[in-house]
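Below you'll find the structure, written out as structure tokens, and then a few comments.
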Amino acid sequence: MGANTSGYYFMSRRTIIAIASILAVLAVVLPLAGIAVYARHSASEYEKRHLEEYAGWTLKRTERSLNFARGAIRQLEREGLSGCSPAQIARMRQLTLETRSVEEIGYFIDGRLACTGWGKVRQPVAAGTPDLRFEDGYGLHLRMRTKLSGGLTMNTLSHGSYNALMHPDSMIDVLTDTAMTLGIASLDGRVIAVSGPVAPGLLKRVASANAASSGREGRLMYASVANDHLRAFAISDYSLAEKRADGALWYLVPLGLATSALLVGLVLLASRQRLSPQNELAIAVRKREFVTRYQPIIELATGLCVGAEALIRWERPDGASISPEMFIPLAEDTGLIEPLTDIVIERVVADLAQWLGENAGIHIAINISSADMQSGRFLAVLAKALAEADVSPAQIWLEATERGFMNAAAARATIERARQAGHIVAIDDFGTGYSSLSLLETLPLDTLKIDKSFVDAIGTQAATSVVIPHIIEMGHGLNFKIVAEGVETEAQEAYLREAGVEFVQGWRYSKALTAQEFRVFHERTNRPG
Ligand code: C2E
Ligand code: MG
Ligand code: MG
């Protein structure tokens, strides 16, 4: 990557294609990866909320069960039956049957179980201290083993002389729509009931007072909800969330593919933009994919080769040679023309500096664009290159088209500087533009190049054929030397010679040649005798 003289960044074709390919791959991979992550994440979030919801219901269920048991005890206390009278036993039995969450009701005398709804107790059991005490004075004993419950551990709610035996499952029997384990614990982390087997470590952490309200541990997910005295929790397998995520992929994957397609499209568009003709040209300028050819200029009076015009060619790496007519206008529009002028200067010096030193009478004409004429910047580049190569500035002519003179003040300044440096300045393609006669009179020019279109008209009935004598006359009137371009035929040459035109250039003499060919041409043409 680098900055060219027009100031914008560009990359080589290979870099653009490499970057575009990487971006295209990312454009496919990232949306799909993003969607997979998103599907997992949202499924996990969903599962957490699902668990929280069930923990909430579990909490309500426990509260309801406890309230039923409280209600039964409160009823007996209100009725005020005392001792283990048959009435007391009958009433306890009836309330046991009536109260859904209660398995058995007991009556205590002096801290020992004296009778239950089933009759008197033969071996009285001590009441013990409750594991949990509620604000209203009720206590909860956990993991009680009773005769009635067989091997099962039960919970009991106690108050005053009564207690109510409760099956733990009845406290948490909430129906779930997916496999999950529900549980209830005291706020200090003692498990009151749990609906299935849970690893003790996890159970401890989930039920503990400072447990996060939700989380994941290994393959298990959990969530918990607490109120003032209880905490309910729900645990499920992570595979549920995974299954849900996989399900979501059915509609997310097409979405991801559509996004990928869109992004790939954008990448292609951007890289096409990067590979646009103007960027191609910018790359070519940076890589200096340009050469110059030299078209000989002949002096009519002597037939000698007096110089050549340097003509640029774009030699693409694929071997194609592109005409300046294809890329000069683009270069002019995109600010690349000045770097191109620099390249031509560099090439001319590299090709011919030494030879020019040996052939002092020879000149090379370089085409100068209107942007160059405006800025005059190239003059410093040229001066430096010529000084370094020890070439006389008088041997470098500058050709500018009429468009270069549109800003007359800038053109005048550049022409004057060029002439001071020792160059000869020519107006190129004369007659095809819109320069006024007064401009020609006032600009300090030396040479006029008649455009090929006028030379073509010589000897024909074309309207332009009547113009050429006037151009020649006017040019000589202003003391210009005249070069006729595009001379192809003997008749054209005869006419120009007759009219007193000094120099000619065209296929009649030679096409544009390589530097080596041009030197050979010059030697052959100028050989004495
Ligand atoms: P130009 O400066 O008027 O150059 C003369 C063009 O006429 C050249 O075309 C040359 O090959 C062509 N030509 C010369 N003799 C004949 C002939 O007898 N018959 C025919 N049919 N054509 C002939 P080329 O090399 O394609 O250049 C075209 C134009 O591109 C040039 O016109 C010039 O305006 C521009 N150009 C070329 N090189 C440069 C350069 O280094 N810098 C700038 N700014 N413009 C350049
Ligand atoms: Mg020219
Ligand atoms: Mg020309």
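By order in the structure tokens, chains are A, B, ...; within a chain, residues start at 1; ligands start at 1, following the order shown.
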Enumerate, as a list in words, the complete set of residues in range 173-286 of chain A that a backbone-based DSSP assignment places in strand (DSSP E). Thr181, Leu182, Gly183, Ile184, Ala185, Ser186, Val191, Ile192, Ala193, Val194, Ser214, Gly215, Arg216, Glu217, Leu220, Met221, Tyr222, Ala223, Ser224, Val225, Ala226, Leu230, Arg231, Ala232, Phe233, Ala234, Ile235, Ser236 and Asp237 of chain A
Selected residues written out, C-alpha atoms, as an mmCIF file, in the first residue's frame:
```cif
data_model
loop_
_atom_site.group_PDB
_atom_site.id
_atom_site.type_symbol
_atom_site.label_atom_id
_atom_site.label_comp_id
_atom_site.auth_asym_id
_atom_site.auth_seq_id
_atom_site.Cartn_x
_atom_site.Cartn_y
_atom_site.Cartn_z
ATOM 1 C CA THR A 181 -35.866 -30.790 38.804
ATOM 2 C CA LEU A 182 -37.696 -28.441 41.156
ATOM 3 C CA GLY A 183 -36.802 -27.714 44.765
ATOM 4 C CA ILE A 184 -37.396 -25.473 47.709
ATOM 5 C CA ALA A 185 -34.928 -24.390 50.373
ATOM 6 C CA SER A 186 -34.749 -22.092 53.362
ATOM 7 C CA VAL A 191 -33.187 -28.012 51.326
ATOM 8 C CA ILE A 192 -36.850 -28.538 52.270
ATOM 9 C CA ALA A 193 -37.884 -30.554 49.235
ATOM 10 C CA VAL A 194 -36.445 -31.514 45.879
ATOM 11 C CA SER A 214 -29.343 -18.267 37.389
ATOM 12 C CA GLY A 215 -26.338 -19.974 35.878
ATOM 13 C CA ARG A 216 -24.853 -23.016 34.307
ATOM 14 C CA GLU A 217 -22.761 -25.707 35.834
ATOM 15 C CA LEU A 220 -26.853 -28.336 33.942
ATOM 16 C CA MET A 221 -28.618 -24.996 33.995
ATOM 17 C CA TYR A 222 -30.420 -23.565 36.986
ATOM 18 C CA ALA A 223 -32.453 -20.584 38.114
ATOM 19 C CA SER A 224 -33.842 -19.642 41.496
ATOM 20 C CA VAL A 225 -36.446 -17.272 42.881
ATOM 21 C CA ALA A 226 -36.729 -16.268 46.552
ATOM 22 C CA LEU A 230 -37.959 -19.401 51.044
ATOM 23 C CA ARG A 231 -35.995 -19.940 47.893
ATOM 24 C CA ALA A 232 -37.303 -22.121 45.067
ATOM 25 C CA PHE A 233 -35.082 -23.432 42.315
ATOM 26 C CA ALA A 234 -35.366 -25.242 39.020
ATOM 27 C CA ILE A 235 -32.632 -27.259 37.282
ATOM 28 C CA SER A 236 -32.607 -28.615 33.745
ATOM 29 C CA ASP A 237 -30.180 -30.270 31.388
#
```
Kindly provide the residues of chain A that approach ligand 3 to within 10 Å, each paired with its closest atom pair and their distance in Å to one decimal, based on only C-alpha atoms and all ligand atoms, listed by chain and increasing number, as a tab-separated table.
```
residue	atom	partner	partner_atom_place_in_ligand_line	distance
A:Glu309	CA	ligand 3	1 (Mg)	9.5
A:Asn367	CA	ligand 3	1 (Mg)	8.8
A:Glu399	CA	ligand 3	1 (Mg)	8.3
A:Ala400	CA	ligand 3	1 (Mg)	8.8
A:Thr401	CA	ligand 3	1 (Mg)	7.7
A:Ile427	CA	ligand 3	1 (Mg)	8.7
A:Asp428	CA	ligand 3	1 (Mg)	4.9
A:Asp429	CA	ligand 3	1 (Mg)	4.2
A:Phe430	CA	ligand 3	1 (Mg)	7.6
A:Thr432	CA	ligand 3	1 (Mg)	9.6
A:Leu448	CA	ligand 3	1 (Mg)	9.8
A:Lys449	CA	ligand 3	1 (Mg)	6.5
A:Ile450	CA	ligand 3	1 (Mg)	7.3
A:Asp451	CA	ligand 3	1 (Mg)	5.5
A:Lys452	CA	ligand 3	1 (Mg)	7.0
A:Ser453	CA	ligand 3	1 (Mg)	9.7
A:Val483	CA	ligand 3	1 (Mg)	9.5
A:Ala484	CA	ligand 3	1 (Mg)	8.9
A:Glu485	CA	ligand 3	1 (Mg)	6.3
A:Gly486	CA	ligand 3	1 (Mg)	8.3
A:Gln505	CA	ligand 3	1 (Mg)	9.7
```
Which residues of range 152-212 of chain A have any atom within 8 Å of an atom in range 107-125 of chain A when counting only C-alpha atoms, and what is the closest pair of atoms for each, with the distance in Å to one decimal? Order the rows by chain and rising number and write it as JSON lines.
```
{"residue": "A:Ser161", "atom": "CA", "partner": "A:Phe108", "partner_atom": "CA", "distance": 4.9}
{"residue": "A:Tyr162", "atom": "CA", "partner": "A:Tyr107", "partner_atom": "CA", "distance": 4.8}
{"residue": "A:Asn163", "atom": "CA", "partner": "A:Tyr107", "partner_atom": "CA", "distance": 6.7}
```
Step by step, measure atom-to-atom distances between ligand 1 and each residue using only C-alpha atoms and all ligand atoms, keep those at most 7 Å, then write them as a PDB file with C-alpha atoms, in the first residue's frame.
```
ATOM      1  CA  ALA A 310       8.493  10.779 -26.963  1.00  0.00           C
ATOM      2  CA  LEU A 311       5.167   8.904 -26.979  1.00  0.00           C
ATOM      3  CA  ILE A 312       4.037   6.971 -23.968  1.00  0.00           C
ATOM      4  CA  SER A 323      -2.383   3.421 -26.643  1.00  0.00           C
ATOM      5  CA  PRO A 324      -2.163   6.764 -24.844  1.00  0.00           C
ATOM      6  CA  GLU A 325      -5.459   7.708 -26.433  1.00  0.00           C
ATOM      7  CA  ILE A 328      -4.330   9.846 -21.148  1.00  0.00           C
ATOM      8  CA  ILE A 337      -1.376  12.776 -15.474  1.00  0.00           C
ATOM      9  CA  THR A 341       4.660  13.099 -17.055  1.00  0.00           C
ATOM     10  CA  VAL A 344       8.024   9.982 -19.261  1.00  0.00           C
ATOM     11  CA  ILE A 366       7.910  15.586 -24.455  1.00  0.00           C
ATOM     12  CA  ASN A 367       4.133  16.015 -24.297  1.00  0.00           C
ATOM     13  CA  ILE A 368       2.990  18.210 -21.442  1.00  0.00           C
ATOM     14  CA  SER A 369      -0.609  18.004 -20.217  1.00  0.00           C
ATOM     15  CA  ASP A 428       0.681  20.742 -30.255  1.00  0.00           C
ATOM     16  CA  ASP A 429      -2.296  19.697 -32.399  1.00  0.00           C
ATOM     17  CA  ASP A 451      -2.404  18.614 -36.406  1.00  0.00           C
ATOM     18  CA  GLU A 485       2.359  15.850 -37.951  1.00  0.00           C
ATOM     19  CA  GLY A 486       1.007  12.660 -39.456  1.00  0.00           C
ATOM     20  CA  VAL A 487       2.692  12.955 -42.841  1.00  0.00           C
ATOM     21  CA  GLU A 488       2.004   9.753 -44.716  1.00  0.00           C
ATOM     22  CA  GLN A 505       6.830  13.778 -38.574  1.00  0.00           C
ATOM     23  CA  GLY A 506       4.818  10.800 -39.699  1.00  0.00           C
ATOM     24  CA  TRP A 507       4.636   7.248 -40.884  1.00  0.00           C
ATOM     25  CA  ARG A 508       6.142   8.299 -44.222  1.00  0.00           C
ATOM     26  CA  LYS A 511       6.456   4.978 -36.834  1.00  0.00           C
ATOM     27  CA  ALA A 512       7.261   5.422 -33.164  1.00  0.00           C
TER      28      ALA A 512
END
```
Considering only C-alpha atoms, return as a ChimeraX atom specification whatever protein or nucleic-acid residues lie within 9 Å of range 38-40 of chain A, sequence-local ones (same chain, fewer than 3 positions apart) excluded. /A:33-35,43-45,241-242,244-249,252
As an mmCIF file with all heavy atoms, in the first residue's frame, list the residues of range 113-258 of chain A assigned to alpha helix (DSSP H) by DSSP on the backbone atoms of this structure.
```
data_model
loop_
_atom_site.group_PDB
_atom_site.id
_atom_site.type_symbol
_atom_site.label_atom_id
_atom_site.label_comp_id
_atom_site.auth_asym_id
_atom_site.auth_seq_id
_atom_site.Cartn_x
_atom_site.Cartn_y
_atom_site.Cartn_z
ATOM 1 N N PRO A 168 -42.966 -34.053 51.422
ATOM 2 C CA PRO A 168 -42.214 -32.991 50.736
ATOM 3 C C PRO A 168 -42.700 -32.784 49.306
ATOM 4 O O PRO A 168 -42.776 -31.664 48.819
ATOM 5 C CB PRO A 168 -40.773 -33.494 50.761
ATOM 6 C CG PRO A 168 -40.735 -34.520 51.837
ATOM 7 C CD PRO A 168 -42.108 -35.095 51.969
ATOM 8 N N ASP A 169 -43.008 -33.876 48.612
ATOM 9 C CA ASP A 169 -43.426 -33.746 47.205
ATOM 10 C C ASP A 169 -44.656 -32.859 47.058
ATOM 11 O O ASP A 169 -44.818 -32.170 46.059
ATOM 12 C CB ASP A 169 -43.716 -35.120 46.598
ATOM 13 C CG ASP A 169 -42.424 -35.877 46.332
ATOM 14 O OD1 ASP A 169 -41.339 -35.282 46.567
ATOM 15 O OD2 ASP A 169 -42.499 -37.052 45.913
ATOM 16 N N SER A 170 -45.524 -32.921 48.072
ATOM 17 C CA SER A 170 -46.749 -32.132 47.950
ATOM 18 C C SER A 170 -46.443 -30.637 47.997
ATOM 19 O O SER A 170 -47.252 -29.817 47.598
ATOM 20 C CB SER A 170 -47.726 -32.499 49.079
ATOM 21 O OG SER A 170 -47.288 -31.909 50.291
ATOM 22 N N MET A 171 -45.255 -30.306 48.519
ATOM 23 C CA MET A 171 -44.905 -28.887 48.596
ATOM 24 C C MET A 171 -44.413 -28.357 47.257
ATOM 25 O O MET A 171 -44.399 -27.155 47.037
ATOM 26 C CB MET A 171 -43.803 -28.690 49.654
ATOM 27 C CG MET A 171 -44.241 -29.159 51.037
ATOM 28 S SD MET A 171 -42.907 -29.050 52.234
ATOM 29 C CE MET A 171 -43.099 -27.390 52.776
ATOM 30 N N ILE A 172 -43.987 -29.264 46.392
ATOM 31 C CA ILE A 172 -43.377 -28.785 45.132
ATOM 32 C C ILE A 172 -43.989 -29.458 43.922
ATOM 33 O O ILE A 172 -43.388 -29.485 42.852
ATOM 34 C CB ILE A 172 -41.848 -29.049 45.139
ATOM 35 C CG1 ILE A 172 -41.564 -30.522 45.446
ATOM 36 C CG2 ILE A 172 -41.138 -28.150 46.144
ATOM 37 C CD1 ILE A 172 -40.136 -30.908 45.197
ATOM 38 N N PRO A 200 -25.008 -33.468 45.188
ATOM 39 C CA PRO A 200 -25.039 -32.699 46.442
ATOM 40 C C PRO A 200 -24.352 -31.332 46.320
ATOM 41 O O PRO A 200 -24.844 -30.336 46.842
ATOM 42 C CB PRO A 200 -24.298 -33.594 47.418
ATOM 43 C CG PRO A 200 -24.306 -34.950 46.818
ATOM 44 C CD PRO A 200 -24.425 -34.794 45.347
ATOM 45 N N GLY A 201 -23.215 -31.312 45.610
ATOM 46 C CA GLY A 201 -22.474 -30.048 45.474
ATOM 47 C C GLY A 201 -23.331 -28.986 44.801
ATOM 48 O O GLY A 201 -23.430 -27.856 45.277
ATOM 49 N N LEU A 202 -23.924 -29.376 43.680
ATOM 50 C CA LEU A 202 -24.748 -28.427 42.931
ATOM 51 C C LEU A 202 -25.939 -27.982 43.780
ATOM 52 O O LEU A 202 -26.261 -26.799 43.850
ATOM 53 C CB LEU A 202 -25.229 -29.061 41.622
ATOM 54 C CG LEU A 202 -26.178 -28.193 40.783
ATOM 55 C CD1 LEU A 202 -25.474 -26.930 40.292
ATOM 56 C CD2 LEU A 202 -26.750 -28.965 39.594
ATOM 57 N N LEU A 203 -26.552 -28.955 44.459
ATOM 58 C CA LEU A 203 -27.724 -28.657 45.265
ATOM 59 C C LEU A 203 -27.374 -27.605 46.323
ATOM 60 O O LEU A 203 -28.096 -26.642 46.537
ATOM 61 C CB LEU A 203 -28.209 -29.949 45.940
ATOM 62 C CG LEU A 203 -29.572 -29.867 46.608
ATOM 63 C CD1 LEU A 203 -30.650 -29.495 45.611
ATOM 64 C CD2 LEU A 203 -29.918 -31.181 47.291
ATOM 65 N N LYS A 204 -26.212 -27.789 46.895
ATOM 66 C CA LYS A 204 -25.774 -26.870 47.945
ATOM 67 C C LYS A 204 -25.601 -25.451 47.380
ATOM 68 O O LYS A 204 -26.050 -24.469 47.961
ATOM 69 C CB LYS A 204 -24.431 -27.372 48.503
ATOM 70 C CG LYS A 204 -24.194 -26.940 49.938
ATOM 71 C CD LYS A 204 -22.982 -27.649 50.492
ATOM 72 C CE LYS A 204 -22.483 -26.920 51.712
ATOM 73 N NZ LYS A 204 -21.232 -27.471 52.190
ATOM 74 N N ARG A 205 -24.968 -25.422 46.194
ATOM 75 C CA ARG A 205 -24.708 -24.101 45.607
ATOM 76 C C ARG A 205 -25.980 -23.412 45.142
ATOM 77 O O ARG A 205 -26.163 -22.217 45.324
ATOM 78 C CB ARG A 205 -23.721 -24.238 44.442
ATOM 79 C CG ARG A 205 -22.282 -24.264 44.902
ATOM 80 C CD ARG A 205 -21.331 -24.209 43.732
ATOM 81 N NE ARG A 205 -21.369 -25.442 42.941
ATOM 82 C CZ ARG A 205 -20.747 -26.564 43.308
ATOM 83 N NH1 ARG A 205 -20.074 -26.614 44.440
ATOM 84 N NH2 ARG A 205 -20.828 -27.644 42.552
ATOM 85 N N VAL A 206 -26.869 -24.194 44.536
ATOM 86 C CA VAL A 206 -28.101 -23.602 44.013
ATOM 87 C C VAL A 206 -28.969 -23.091 45.166
ATOM 88 O O VAL A 206 -29.601 -22.043 45.062
ATOM 89 C CB VAL A 206 -28.874 -24.646 43.173
ATOM 90 C CG1 VAL A 206 -30.251 -24.140 42.818
ATOM 91 C CG2 VAL A 206 -28.101 -24.951 41.904
ATOM 92 N N ALA A 207 -28.987 -23.850 46.280
ATOM 93 C CA ALA A 207 -29.866 -23.489 47.388
ATOM 94 C C ALA A 207 -29.238 -22.445 48.301
ATOM 95 O O ALA A 207 -29.933 -21.825 49.100
ATOM 96 C CB ALA A 207 -30.203 -24.745 48.200
ATOM 97 N N TYR A 238 -28.635 -28.933 30.060
ATOM 98 C CA TYR A 238 -28.278 -27.940 29.040
ATOM 99 C C TYR A 238 -28.670 -28.419 27.641
ATOM 100 O O TYR A 238 -28.895 -27.609 26.754
ATOM 101 C CB TYR A 238 -26.778 -27.663 29.118
ATOM 102 C CG TYR A 238 -26.332 -26.572 28.192
ATOM 103 C CD1 TYR A 238 -26.855 -25.287 28.309
ATOM 104 C CD2 TYR A 238 -25.396 -26.818 27.187
ATOM 105 C CE1 TYR A 238 -26.463 -24.280 27.462
ATOM 106 C CE2 TYR A 238 -24.997 -25.801 26.335
ATOM 107 C CZ TYR A 238 -25.530 -24.533 26.482
ATOM 108 O OH TYR A 238 -25.136 -23.538 25.645
ATOM 109 N N SER A 239 -28.781 -29.737 27.469
ATOM 110 C CA SER A 239 -29.123 -30.244 26.133
ATOM 111 C C SER A 239 -30.471 -29.709 25.662
ATOM 112 O O SER A 239 -30.715 -29.611 24.465
ATOM 113 C CB SER A 239 -29.131 -31.772 26.138
ATOM 114 O OG SER A 239 -30.099 -32.218 27.059
ATOM 115 N N LEU A 240 -31.326 -29.324 26.619
ATOM 116 C CA LEU A 240 -32.614 -28.743 26.230
ATOM 117 C C LEU A 240 -32.400 -27.428 25.481
ATOM 118 O O LEU A 240 -33.011 -27.184 24.439
ATOM 119 C CB LEU A 240 -33.446 -28.452 27.481
ATOM 120 C CG LEU A 240 -34.281 -29.606 27.996
ATOM 121 C CD1 LEU A 240 -34.902 -29.231 29.328
ATOM 122 C CD2 LEU A 240 -35.358 -29.940 26.975
ATOM 123 N N ALA A 241 -31.518 -26.608 26.036
ATOM 124 C CA ALA A 241 -31.203 -25.328 25.385
ATOM 125 C C ALA A 241 -30.550 -25.587 24.035
ATOM 126 O O ALA A 241 -30.847 -24.920 23.045
ATOM 127 C CB ALA A 241 -30.285 -24.495 26.268
ATOM 128 N N GLU A 242 -29.677 -26.605 24.010
ATOM 129 C CA GLU A 242 -29.000 -26.924 22.743
ATOM 130 C C GLU A 242 -30.007 -27.342 21.679
ATOM 131 O O GLU A 242 -29.920 -26.936 20.535
ATOM 132 C CB GLU A 242 -27.982 -28.043 22.966
ATOM 133 C CG GLU A 242 -26.732 -27.546 23.651
ATOM 134 C CD GLU A 242 -25.761 -28.679 23.964
ATOM 135 O OE1 GLU A 242 -26.223 -29.806 24.240
ATOM 136 O OE2 GLU A 242 -24.561 -28.424 23.937
ATOM 137 N N LYS A 243 -30.974 -28.166 22.116
ATOM 138 C CA LYS A 243 -31.985 -28.623 21.153
ATOM 139 C C LYS A 243 -32.782 -27.439 20.635
ATOM 140 O O LYS A 243 -33.071 -27.346 19.451
ATOM 141 C CB LYS A 243 -32.927 -29.641 21.818
ATOM 142 C CG LYS A 243 -32.653 -31.057 21.373
ATOM 143 C CD LYS A 243 -33.700 -32.001 21.933
ATOM 144 C CE LYS A 243 -33.041 -33.260 22.426
ATOM 145 N NZ LYS A 243 -33.474 -33.645 23.765
ATOM 146 N N ARG A 244 -33.097 -26.536 21.550
ATOM 147 C CA ARG A 244 -33.861 -25.361 21.146
ATOM 148 C C ARG A 244 -33.039 -24.516 20.164
ATOM 149 O O ARG A 244 -33.555 -24.008 19.179
ATOM 150 C CB ARG A 244 -34.236 -24.545 22.379
ATOM 151 C CG ARG A 244 -35.376 -23.620 22.143
ATOM 152 C CD ARG A 244 -35.953 -23.075 23.423
ATOM 153 N NE ARG A 244 -36.935 -23.953 24.010
ATOM 154 C CZ ARG A 244 -36.893 -24.386 25.274
ATOM 155 N NH1 ARG A 244 -35.878 -24.035 26.047
ATOM 156 N NH2 ARG A 244 -37.827 -25.152 25.734
ATOM 157 N N ALA A 245 -31.728 -24.401 20.446
ATOM 158 C CA ALA A 245 -30.845 -23.621 19.556
ATOM 159 C C ALA A 245 -30.802 -24.265 18.177
ATOM 160 O O ALA A 245 -30.901 -23.586 17.155
ATOM 161 C CB ALA A 245 -29.447 -23.535 20.145
ATOM 162 N N ASP A 246 -30.679 -25.604 18.165
ATOM 163 C CA ASP A 246 -30.644 -26.300 16.872
ATOM 164 C C ASP A 246 -31.930 -26.062 16.106
ATOM 165 O O ASP A 246 -31.922 -25.889 14.890
ATOM 166 C CB ASP A 246 -30.428 -27.805 17.085
ATOM 167 C CG ASP A 246 -29.031 -28.085 17.612
ATOM 168 O OD1 ASP A 246 -28.206 -27.147 17.596
ATOM 169 O OD2 ASP A 246 -28.780 -29.224 18.049
ATOM 170 N N GLY A 247 -33.029 -26.050 16.823
ATOM 171 C CA GLY A 247 -34.315 -25.796 16.173
ATOM 172 C C GLY A 247 -34.350 -24.411 15.549
ATOM 173 O O GLY A 247 -34.810 -24.239 14.422
ATOM 174 N N ALA A 248 -33.798 -23.455 16.280
ATOM 175 C CA ALA A 248 -33.819 -22.068 15.790
ATOM 176 C C ALA A 248 -32.978 -21.919 14.540
ATOM 177 O O ALA A 248 -33.222 -21.053 13.702
ATOM 178 C CB ALA A 248 -33.322 -21.132 16.881
ATOM 179 N N LEU A 249 -31.960 -22.807 14.404
ATOM 180 C CA LEU A 249 -31.081 -22.701 13.230
ATOM 181 C C LEU A 249 -31.857 -22.870 11.936
ATOM 182 O O LEU A 249 -31.472 -22.333 10.908
ATOM 183 C CB LEU A 249 -29.952 -23.725 13.315
ATOM 184 C CG LEU A 249 -28.899 -23.441 14.386
ATOM 185 C CD1 LEU A 249 -27.845 -24.517 14.391
ATOM 186 C CD2 LEU A 249 -28.254 -22.079 14.161
ATOM 187 N N TRP A 250 -32.958 -23.583 11.994
ATOM 188 C CA TRP A 250 -33.734 -23.797 10.764
ATOM 189 C C TRP A 250 -34.164 -22.493 10.118
ATOM 190 O O TRP A 250 -34.200 -22.382 8.910
ATOM 191 C CB TRP A 250 -34.968 -24.662 11.038
ATOM 192 C CG TRP A 250 -34.614 -26.104 11.088
ATOM 193 C CD1 TRP A 250 -34.536 -26.887 12.192
ATOM 194 C CD2 TRP A 250 -34.249 -26.931 9.992
ATOM 195 N NE1 TRP A 250 -34.135 -28.149 11.855
ATOM 196 C CE2 TRP A 250 -33.955 -28.213 10.501
ATOM 197 C CE3 TRP A 250 -34.138 -26.720 8.608
ATOM 198 C CZ2 TRP A 250 -33.564 -29.269 9.702
ATOM 199 C CZ3 TRP A 250 -33.751 -27.786 7.815
ATOM 200 C CH2 TRP A 250 -33.460 -29.039 8.371
ATOM 201 N N TYR A 251 -34.512 -21.531 10.949
ATOM 202 C CA TYR A 251 -34.869 -20.262 10.297
ATOM 203 C C TYR A 251 -33.726 -19.256 10.338
ATOM 204 O O TYR A 251 -33.681 -18.331 9.552
ATOM 205 C CB TYR A 251 -36.158 -19.680 10.888
ATOM 206 C CG TYR A 251 -36.050 -19.200 12.320
ATOM 207 C CD1 TYR A 251 -35.627 -17.907 12.612
ATOM 208 C CD2 TYR A 251 -36.378 -20.048 13.383
ATOM 209 C CE1 TYR A 251 -35.520 -17.474 13.925
ATOM 210 C CE2 TYR A 251 -36.268 -19.623 14.682
ATOM 211 C CZ TYR A 251 -35.840 -18.344 14.951
ATOM 212 O OH TYR A 251 -35.724 -17.914 16.236
ATOM 213 N N LEU A 252 -32.747 -19.475 11.255
ATOM 214 C CA LEU A 252 -31.635 -18.523 11.322
ATOM 215 C C LEU A 252 -30.618 -18.743 10.207
ATOM 216 O O LEU A 252 -30.039 -17.794 9.699
ATOM 217 C CB LEU A 252 -30.943 -18.623 12.687
ATOM 218 C CG LEU A 252 -31.707 -17.984 13.830
ATOM 219 C CD1 LEU A 252 -31.008 -18.248 15.157
ATOM 220 C CD2 LEU A 252 -31.851 -16.475 13.623
ATOM 221 N N VAL A 253 -30.406 -20.009 9.823
ATOM 222 C CA VAL A 253 -29.393 -20.297 8.794
ATOM 223 C C VAL A 253 -29.739 -19.610 7.463
ATOM 224 O O VAL A 253 -28.893 -18.939 6.880
ATOM 225 C CB VAL A 253 -29.151 -21.807 8.642
ATOM 226 C CG1 VAL A 253 -28.441 -22.124 7.340
ATOM 227 C CG2 VAL A 253 -28.327 -22.320 9.818
ATOM 228 N N PRO A 254 -30.994 -19.727 6.986
ATOM 229 C CA PRO A 254 -31.305 -18.984 5.754
ATOM 230 C C PRO A 254 -31.057 -17.482 5.914
ATOM 231 O O PRO A 254 -30.554 -16.828 5.006
ATOM 232 C CB PRO A 254 -32.795 -19.266 5.534
ATOM 233 C CG PRO A 254 -33.042 -20.529 6.260
ATOM 234 C CD PRO A 254 -32.116 -20.547 7.441
ATOM 235 N N LEU A 255 -31.359 -16.971 7.099
ATOM 236 C CA LEU A 255 -31.115 -15.553 7.362
ATOM 237 C C LEU A 255 -29.615 -15.258 7.262
ATOM 238 O O LEU A 255 -29.201 -14.269 6.655
ATOM 239 C CB LEU A 255 -31.617 -15.225 8.771
ATOM 240 C CG LEU A 255 -31.849 -13.765 9.069
ATOM 241 C CD1 LEU A 255 -33.154 -13.302 8.448
ATOM 242 C CD2 LEU A 255 -31.894 -13.544 10.585
ATOM 243 N N GLY A 256 -28.814 -16.169 7.859
ATOM 244 C CA GLY A 256 -27.357 -16.005 7.822
ATOM 245 C C GLY A 256 -26.845 -16.083 6.396
ATOM 246 O O GLY A 256 -25.984 -15.303 5.995
ATOM 247 N N LEU A 257 -27.396 -17.021 5.630
ATOM 248 C CA LEU A 257 -26.949 -17.168 4.241
ATOM 249 C C LEU A 257 -27.295 -15.921 3.436
ATOM 250 O O LEU A 257 -26.504 -15.453 2.629
ATOM 251 C CB LEU A 257 -27.584 -18.409 3.609
ATOM 252 C CG LEU A 257 -27.025 -19.743 4.130
ATOM 253 C CD1 LEU A 257 -27.795 -20.918 3.532
ATOM 254 C CD2 LEU A 257 -25.540 -19.869 3.804
ATOM 255 N N ALA A 258 -28.481 -15.384 3.696
ATOM 256 C CA ALA A 258 -28.878 -14.163 2.991
ATOM 257 C C ALA A 258 -27.923 -13.025 3.346
ATOM 258 O O ALA A 258 -27.476 -12.288 2.461
ATOM 259 C CB ALA A 258 -30.315 -13.794 3.349
#
```
